Structures are given as C-alpha cells and as structure tokens.
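For reference, the structure is listed below as structure tokens.
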Amino acid sequence: MGNFFGFILSMIYFDKVTKVYDDSTKALCDVTLKIEPKEFVSIVGHSGAGKTTLIKMLLAEEKPTEGKIFFESTNINALKKSEVNKLRRRIGTIFQDYRLLPNKTVYENIAFAMEAAGRTDEEIVADVPYVLELVDLADKELNFPTELSGGERQRVAIARAIVNQPDVIVADEPTGNLDPINTYEIVQILKKINDLGTTVILTTHNKGVIDELGKRVITLEGGRIVRDDPTGRYVL
Ligand code: ADP
C-alpha cells in the first residue's frame, strides 16, 4: 500500500531500485526516492557513486535489475519504444559536454529540437527567440557553437532543453567544464527555470553550487542513498 501512494503522490518515484550491470558491477542498491513537481533536487556523490546510472534509468536508457521507476503513475520500464520517446520529450536534458550540433547555428540547434518534437514553423519562430532571451543569448543566435565560450554553449543547451516545455530538467554535471563565474550563471538560470515551475534534477560535484542553491540534496555513496537533506547540506 505504501508503494501505491508513493507513486500516486509523486512526480518521480524510484521504488527499491537496484542496478547491476552485465559485468556484475552493482551501481545502485535498493534506492527509494520521491521527487515532487517543482522541486529542485541535487544529487551528489563521489565518482562512481551511481549518479549517472540513476539519471539513465530515469530516461529509460537503462533498466533496473530490481525495483520499479514511476513517472507520475507510469511504470517507465514497462513502456513500448514509442512511449519511451514520448516520456523523453517530457524530460529536458543537459550534459557536461553540451552536445550541441556543431554544424548548426545557435538558432538552428534550438529550432532542430523543436522540429524533432513535431512543432510548427510558427511555434519555432515564436519560441526560439523567447528561450534565447531567457538564457541571455539573443545576440548570439547566428553564431556556431565553436564561436561561443563554454558558459555560452551550456546556456544554448539549456535553451534547447526547455524549449519544448518539459516537466522536468535533468542536468548531469552541467558545470563540470566551467569556471566559477560561468558556473554561477548556469546555476542562476537553472534556479530561474525552477522558479517558473519546472522540476530540476541536478548532479554535481561542486560544493559551491550546492551552497548557492540551498535546496534538497541527495547524497549517493556506493550506489546507496546515505543522506537526503531538505536544505542543502553537502557532506562527503
Ligand atoms: P557516477 O555518475 O556517480 O560517477 P556511475 O553511475 O557512472 O556513477 O557509475 C556507478 C558504477 O557503475 C561505477 O562503478 C561504474 O564503473 C559502473 N558503471 C557505470 N556504467 C556502467 C556500464 N555501462 N557497465 C558496467 N559498469 C558500469
């Protein structure tokens, strides 16, 4: 019964999830975790603690060995391929290495993500400038990724992640390649997106980021949740 109410009330619910990879590495062990709509949750832990595995399972890129993962009331591991694609459209992703298309301009990178999601030309013309404004890059729309700084590239990646209005943004070490000033800017933008109503899940090694956020922090150690602090304590 506890599980039943767990997934009914939560946006994201990991129910006793264990992940053992083919080579028998146990990456996650009995992880139970609830994330509510509009939360800002940071996941911290040493390298190898299981952060990326957790994110991959949320995106249905990996299946749990034991346990279940729910997105709202949907068991995501029971989804067909077409339904998985629909789920992924509800989750915007941001990675340490930006993953922009090098042969497309800033504008085209974002427009392409909208085309892939089946949006109309009218929507593209209206929404691309809006999200570029939101990340303060309106003046760079005709530049290519190689002409941008790391912080600017990550802001394009954020604009691309939010343009299809996902319910959740997953940011896996988004500031890993950035200096403190750019890191601060990225954190401010993620906060702004969260304030506008989007759930944010962030993985980070950066204690400064956690302190600046002052939001919920989940600490993973050896694939287990060892701490879940509502107000941002970072202890490793
Ligand atoms: P983190 O993101 O916290 O660094 P990961 O989730 O990447 O942690 O890794 C957790 C553990 O699982 C590590 O021991 C890692 O080596 C292992 N691991 C990750 N991906 C795979 C894989 N595809 N096959 C086998 N082991 C893996």
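Each chain in the structure tokens gets a letter, A, B, ..., in the order shown, and its residues are numbered from 1; ligands are numbered from 1 in order too.
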Using only C-alpha atoms and all ligand atoms, what does the table of chain A residues within 9 Å of ligand 1 look like, with each row giving the shortest atom pair and its distance in Å to one decimal, sorted by chain and ascending number, as a tab-separated table?
```
residue	atom	partner	partner_atom_place_in_ligand_line	distance
A:Lys19	CA	ligand 1	12 (O)	8.5
A:Val20	CA	ligand 1	26 (N)	7.9
A:Tyr21	CA	ligand 1	25 (C)	4.8
A:Asp22	CA	ligand 1	25 (C)	6.3
A:Asp23	CA	ligand 1	25 (C)	5.7
A:Ser24	CA	ligand 1	25 (C)	7.4
A:Thr25	CA	ligand 1	26 (N)	5.3
A:Lys26	CA	ligand 1	12 (O)	6.3
A:Ala27	CA	ligand 1	12 (O)	4.1
A:Leu28	CA	ligand 1	10 (C)	7.2
A:Ile43	CA	ligand 1	3 (O)	8.9
A:Val44	CA	ligand 1	3 (O)	7.7
A:Gly45	CA	ligand 1	3 (O)	5.9
A:His46	CA	ligand 1	3 (O)	5.9
A:Ser47	CA	ligand 1	4 (O)	3.6
A:Gly48	CA	ligand 1	8 (O)	3.5
A:Ala49	CA	ligand 1	3 (O)	3.8
A:Gly50	CA	ligand 1	6 (O)	3.3
A:Lys51	CA	ligand 1	3 (O)	3.8
A:Thr52	CA	ligand 1	2 (O)	3.6
A:Thr53	CA	ligand 1	6 (O)	3.6
A:Leu54	CA	ligand 1	6 (O)	6.5
A:Ile55	CA	ligand 1	6 (O)	8.1
A:Lys56	CA	ligand 1	6 (O)	8.3
A:Glu62	CA	ligand 1	23 (N)	8.8
A:Asp172	CA	ligand 1	2 (O)	8.4
A:Glu173	CA	ligand 1	2 (O)	8.9
A:Thr203	CA	ligand 1	2 (O)	8.2
A:Leu220	CA	ligand 1	3 (O)	7.5
A:Glu221	CA	ligand 1	3 (O)	8.3
A:Gly222	CA	ligand 1	10 (C)	7.6
A:Gly223	CA	ligand 1	10 (C)	6.8
```
Would you export the selected residues with C-alpha atoms as a PDB file, in the first residue's frame, please?
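Here's the written file again.pdb:
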```pdb
ATOM      1  CA  LYS A  19      21.034  -1.845 -10.860  1.00  0.00           C
ATOM      2  CA  VAL A  20      23.633  -4.498 -11.571  1.00  0.00           C
ATOM      3  CA  TYR A  21      25.454  -4.074 -14.896  1.00  0.00           C
ATOM      4  CA  ASP A  22      26.315  -7.076 -17.109  1.00  0.00           C
ATOM      5  CA  ASP A  23      29.824  -7.257 -15.676  1.00  0.00           C
ATOM      6  CA  SER A  24      28.182  -7.602 -12.223  1.00  0.00           C
ATOM      7  CA  THR A  25      29.037  -4.055 -11.070  1.00  0.00           C
ATOM      8  CA  LYS A  26      26.368  -3.023  -8.593  1.00  0.00           C
ATOM      9  CA  ALA A  27      25.802   0.632  -9.484  1.00  0.00           C
ATOM     10  CA  LEU A  28      22.657   1.258  -7.426  1.00  0.00           C
ATOM     11  CA  ILE A  43      22.322  14.541  -6.420  1.00  0.00           C
ATOM     12  CA  VAL A  44      25.877  14.479  -5.135  1.00  0.00           C
ATOM     13  CA  GLY A  45      28.446  11.756  -4.569  1.00  0.00           C
ATOM     14  CA  HIS A  46      31.974  10.724  -5.461  1.00  0.00           C
ATOM     15  CA  SER A  47      32.774   9.494  -8.947  1.00  0.00           C
ATOM     16  CA  GLY A  48      31.272   6.002  -9.331  1.00  0.00           C
ATOM     17  CA  ALA A  49      28.599   6.580  -6.667  1.00  0.00           C
ATOM     18  CA  GLY A  50      25.798   5.896  -9.161  1.00  0.00           C
ATOM     19  CA  LYS A  51      24.601   9.396 -10.131  1.00  0.00           C
ATOM     20  CA  THR A  52      24.680   8.885 -13.907  1.00  0.00           C
ATOM     21  CA  THR A  53      23.129   5.420 -13.582  1.00  0.00           C
ATOM     22  CA  LEU A  54      20.235   6.962 -11.680  1.00  0.00           C
ATOM     23  CA  ILE A  55      19.742   9.588 -14.418  1.00  0.00           C
ATOM     24  CA  LYS A  56      19.960   6.956 -17.183  1.00  0.00           C
ATOM     25  CA  GLU A  62      18.950   1.540 -18.609  1.00  0.00           C
ATOM     26  CA  ASP A 172      24.081  15.842 -15.377  1.00  0.00           C
ATOM     27  CA  GLU A 173      27.207  17.730 -14.179  1.00  0.00           C
ATOM     28  CA  THR A 203      24.013  16.100 -10.438  1.00  0.00           C
ATOM     29  CA  LEU A 220      24.852   8.707  -3.014  1.00  0.00           C
ATOM     30  CA  GLU A 221      27.657   6.510  -1.770  1.00  0.00           C
ATOM     31  CA  GLY A 222      28.432   3.146  -3.343  1.00  0.00           C
ATOM     32  CA  GLY A 223      25.025   3.124  -5.040  1.00  0.00           C
TER      33      GLY A 223
END
```
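Those residues that approach A:Phe70 to within 6 Å, counting only C-alpha atoms, are Ile12, Tyr13, Asn75 and Ile76 of chain A; same-chain residues fewer than 5 positions away are not listed.
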| Which neighbours of A:Ala116 fall inside 12 Å, counting only C-alpha atoms, when residues of the same chain fewer than 2 positions from it are skipped, and could you give them as an MDAnalysis selection string? | chainID A and resid 85:86 89 108:114 118:121 124 160 163:164
Output C-alpha atoms for every residue in that selection, as a CSV table (one decimal), in the first residue's frame.
```csv
chain,number,residue,atom,x,y,z
A,85,ASN,CA,10.1,8.6,-26.8
A,86,LYS,CA,7.0,10.4,-25.5
A,89,ARG,CA,10.1,14.6,-24.5
A,108,GLU,CA,19.2,26.2,-35.6
A,109,ASN,CA,20.3,24.0,-32.7
A,110,ILE,CA,17.1,25.0,-30.8
A,111,ALA,CA,14.8,25.0,-33.9
A,112,PHE,CA,16.0,21.5,-34.7
A,113,ALA,CA,14.9,20.2,-31.3
A,114,MET,CA,11.5,21.8,-31.9
A,118,GLY,CA,6.8,18.0,-34.3
A,119,ARG,CA,6.4,21.7,-33.5
A,120,THR,CA,5.2,24.0,-36.3
A,121,ASP,CA,7.2,26.7,-38.0
A,124,ILE,CA,9.6,27.8,-33.8
A,160,ARG,CA,17.3,23.7,-26.2
A,163,VAL,CA,12.1,25.0,-25.5
A,164,ASN,CA,9.6,22.1,-25.7
```
| task | Give the strand (DSSP E or B) residues of stretch 5-180 of chain A, as assigned by DSSP on the backbone, as a ChimeraX atom specification. | result | /A:12-20,26-35,40-44,66-71,74-75,91-95,168-172
| remark: From the list A:Ala161, A:Val187, A:Ile169, A:Leu132, the nearest residue to A:Tyr98 using only C-alpha atoms is A:Ala161
| request: Identify all residues of stretch 35-216 of chain A in helix (DSSP H, G or I) (DSSP on the backbone) and supply them as a PyMOL selection string. | output: chain A and resi 51-58+76-78+81-89+106-116+121-134+138-140+145-147+150-162+180-195+207-213
| said: Restricting the calculation to only C-alpha atoms: of A:Ile158, A:Ala126, A:Val17, A:Leu178, which residue gets closest to A:Pro64? | reply: A:Val17
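Reported to one decimal place, the separation of atom CA of A:Gly176 from atom CA of A:Glu212 is 15.9 Å.
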| said: My list of candidates is A:Pro174, A:Pro37, A:Pro166, A:Pro129. Which is closest to A:Gly151 when distances are computed with only C-alpha atoms? | reply: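 For A:Gly151, the nearest of the given residues is A:Pro174.
Distance check against A:Leu100 using only C-alpha atoms: of A:Val226, A:Leu148, A:Val200, A:Glu39, the minimum falls on A:Leu148.
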| task | Can you pull out every residue within 8 Å of A:Asp167, counting only C-alpha atoms, but drop anything in the same chain fewer than 3 positions away, and send it as a PyMOL selection string? | result | chain A and resi 90-92+198-199
Selected residues, all heavy atoms, written as a PDB file, in the first residue's frame, please.
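File out_31.pdb, as written:
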```pdb
ATOM      1  N   ARG A  90       9.181  14.720 -22.286  1.00  0.00           N
ATOM      2  CA  ARG A  90       8.743  15.439 -21.080  1.00  0.00           C
ATOM      3  C   ARG A  90       9.920  15.752 -20.159  1.00  0.00           C
ATOM      4  O   ARG A  90       9.762  16.396 -19.132  1.00  0.00           O
ATOM      5  CB  ARG A  90       7.693  14.613 -20.342  1.00  0.00           C
ATOM      6  CG  ARG A  90       6.459  14.374 -21.216  1.00  0.00           C
ATOM      7  CD  ARG A  90       5.372  13.693 -20.455  1.00  0.00           C
ATOM      8  NE  ARG A  90       4.964  14.486 -19.303  1.00  0.00           N
ATOM      9  CZ  ARG A  90       4.148  14.038 -18.365  1.00  0.00           C
ATOM     10  NH1 ARG A  90       3.658  12.824 -18.440  1.00  0.00           N
ATOM     11  NH2 ARG A  90       3.825  14.809 -17.350  1.00  0.00           N
ATOM     12  N   ILE A  91      11.108  15.252 -20.536  1.00  0.00           N
ATOM     13  CA  ILE A  91      12.304  15.452 -19.709  1.00  0.00           C
ATOM     14  C   ILE A  91      13.368  16.140 -20.561  1.00  0.00           C
ATOM     15  O   ILE A  91      13.862  15.566 -21.524  1.00  0.00           O
ATOM     16  CB  ILE A  91      12.845  14.094 -19.198  1.00  0.00           C
ATOM     17  CG1 ILE A  91      11.733  13.306 -18.483  1.00  0.00           C
ATOM     18  CG2 ILE A  91      14.040  14.321 -18.276  1.00  0.00           C
ATOM     19  CD1 ILE A  91      12.138  11.905 -18.066  1.00  0.00           C
ATOM     20  N   GLY A  92      13.710  17.371 -20.225  1.00  0.00           N
ATOM     21  CA  GLY A  92      14.783  18.067 -20.933  1.00  0.00           C
ATOM     22  C   GLY A  92      16.120  17.667 -20.323  1.00  0.00           C
ATOM     23  O   GLY A  92      16.218  17.534 -19.100  1.00  0.00           O
ATOM     24  N   THR A 198       9.330  24.476 -13.413  1.00  0.00           N
ATOM     25  CA  THR A 198       9.858  23.199 -13.912  1.00  0.00           C
ATOM     26  C   THR A 198      10.653  22.507 -12.811  1.00  0.00           C
ATOM     27  O   THR A 198      11.457  23.140 -12.132  1.00  0.00           O
ATOM     28  CB  THR A 198      10.779  23.453 -15.134  1.00  0.00           C
ATOM     29  OG1 THR A 198      10.054  24.228 -16.081  1.00  0.00           O
ATOM     30  CG2 THR A 198      11.228  22.155 -15.782  1.00  0.00           C
ATOM     31  N   THR A 199      10.441  21.207 -12.675  1.00  0.00           N
ATOM     32  CA  THR A 199      11.226  20.405 -11.741  1.00  0.00           C
ATOM     33  C   THR A 199      12.664  20.327 -12.263  1.00  0.00           C
ATOM     34  O   THR A 199      12.865  20.167 -13.467  1.00  0.00           O
ATOM     35  CB  THR A 199      10.645  18.977 -11.675  1.00  0.00           C
ATOM     36  OG1 THR A 199       9.252  19.076 -11.421  1.00  0.00           O
ATOM     37  CG2 THR A 199      11.326  18.132 -10.613  1.00  0.00           C
TER      38      THR A 199
END
```
| request: Go through A:Ile94, A:Cys29, A:Val168, A:Val106 one by one, measure the shortest atom-to-atom distance of each to A:Gly67 using only C-alpha atoms, and give the residue with the smallest value. | output: A:Cys29
